[in-house]
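For reference, the structure is listed below as C-alpha coordinates.
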Amino acid sequence: MASHFNLYVDADACLRFQLVTANGDVLLTSKAFEDEDAAIAAIWSVREAAARGRITDLTGSVPENRPTD
(Lines give C-alpha, C1' and ligand atoms only; values in the text may rest on other atoms or scores of the structure.)
Protein backbone atom coordinates (compact mmCIF):
# COMPACT_ATOMS: atom_id res chain seq x y z
CA MET A 1 0.00 0.00 0.00
CA ALA A 2 1.21 3.53 -0.76
CA SER A 3 1.54 6.37 1.70
CA HIS A 4 -1.77 7.72 2.91
CA PHE A 5 -3.44 10.28 5.16
CA ASN A 6 -5.42 9.28 8.25
CA LEU A 7 -8.09 11.77 9.32
CA TYR A 8 -9.14 11.26 12.94
CA VAL A 9 -10.64 12.90 16.04
CA ASP A 10 -8.14 13.48 18.85
CA ALA A 11 -8.70 13.33 22.62
CA ASP A 12 -9.87 16.99 22.64
CA ALA A 13 -12.53 16.26 19.98
CA CYS A 14 -10.57 18.15 17.30
CA LEU A 15 -9.80 16.79 13.87
CA ARG A 16 -6.21 16.00 12.94
CA PHE A 17 -4.51 14.09 10.17
CA GLN A 18 -1.39 12.02 9.88
CA LEU A 19 0.75 11.25 6.86
CA VAL A 20 1.61 7.56 7.09
CA THR A 21 4.21 5.74 4.97
CA ALA A 22 3.61 2.44 3.22
CA ASN A 23 5.30 0.59 6.09
CA GLY A 24 3.17 2.33 8.74
CA ASP A 25 5.57 5.02 9.97
CA VAL A 26 3.92 8.34 10.84
CA LEU A 27 5.80 11.11 9.02
CA LEU A 28 3.73 13.98 10.35
CA THR A 29 0.78 14.80 12.53
CA SER A 30 -1.16 17.97 11.81
CA LYS A 31 -2.32 20.72 14.09
CA ALA A 32 -5.88 20.51 15.40
CA PHE A 33 -8.74 21.62 13.13
CA GLU A 34 -12.24 22.59 14.17
CA ASP A 35 -13.98 21.06 11.17
CA GLU A 36 -13.47 18.42 8.51
CA ASP A 37 -13.42 20.87 5.60
CA ALA A 38 -10.43 22.72 7.08
CA ALA A 39 -8.57 19.47 7.76
CA ILE A 40 -9.14 18.20 4.23
CA ALA A 41 -8.06 21.53 2.75
CA ALA A 42 -4.84 21.24 4.76
CA ILE A 43 -4.27 17.72 3.43
CA TRP A 44 -4.54 19.09 -0.11
CA SER A 45 -2.05 21.83 0.80
CA VAL A 46 0.42 19.26 2.12
CA ARG A 47 0.04 17.17 -1.03
CA GLU A 48 0.69 20.24 -3.20
CA ALA A 49 3.73 21.28 -1.15
CA ALA A 50 5.17 17.77 -1.26
CA ALA A 51 4.83 17.62 -5.03
CA ARG A 52 6.12 21.10 -5.82
CA GLY A 53 7.86 22.42 -2.72
CA ARG A 54 11.54 23.25 -2.74
CA ILE A 55 13.87 22.01 -0.03
CA THR A 56 15.66 24.73 1.91
CA ASP A 57 18.57 23.29 3.87
CA LEU A 58 19.12 25.43 6.95
CA THR A 59 21.63 23.05 8.55
CA GLY A 60 24.64 24.48 6.74
CA SER A 61 25.97 21.02 5.92
CA VAL A 62 26.15 19.42 2.48
CA PRO A 63 25.98 15.61 2.40
CA GLU A 64 28.61 14.02 0.16
CA ASN A 65 26.00 12.38 -2.09
CA ARG A 66 23.93 15.55 -2.65
CA PRO A 67 24.57 17.49 -5.85
CA THR A 68 25.20 21.19 -5.41
CA ASP A 69 23.27 23.82 -7.38
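Letters A, B, ... mark the chains of the C-alpha coordinates in the order given; residue numbers begin at 1 per chain; ligand numbers begin at 1, in order shown.
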
Backbone-only DSSP, alpha helix (DSSP H) members of chain A, as a count of residues only: 17

Find the spatial neighbours of range 6-20 of chain A, counting only C-alpha atoms, within a cut-off of 9 Å - ignore same-chain residues fewer than 5 positions away - and output them as a list in words.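 With the cut-off at 9 Å, the set is Asp25, Val26, Leu27, Leu28, Thr29, Ser30, Lys31, Ala32, Phe33, Glu34, Asp35, Glu36, Ala39, Ile40, Ala42 and Ile43 of chain A.
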
Between CA of Ala22 in chain A and CA of Ala49 in chain A - distance in Å to one decimal: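 Separation between CA of Ala49 in chain A and CA of Ala22 in chain A: 19.3 Å.
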
Between CA of Trp44 in chain A and CA of Gly24 in chain A, what is the distance in Å, rounded to a tenth?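 According to the coordinates, CA of Trp44 in chain A and CA of Gly24 in chain A are separated by 20.5 Å.
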
Using CA of Ala51 in chain A and CA of Phe5 in chain A as the two end points, give the distance in Å to one decimal.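 The value is 15.0 Å.
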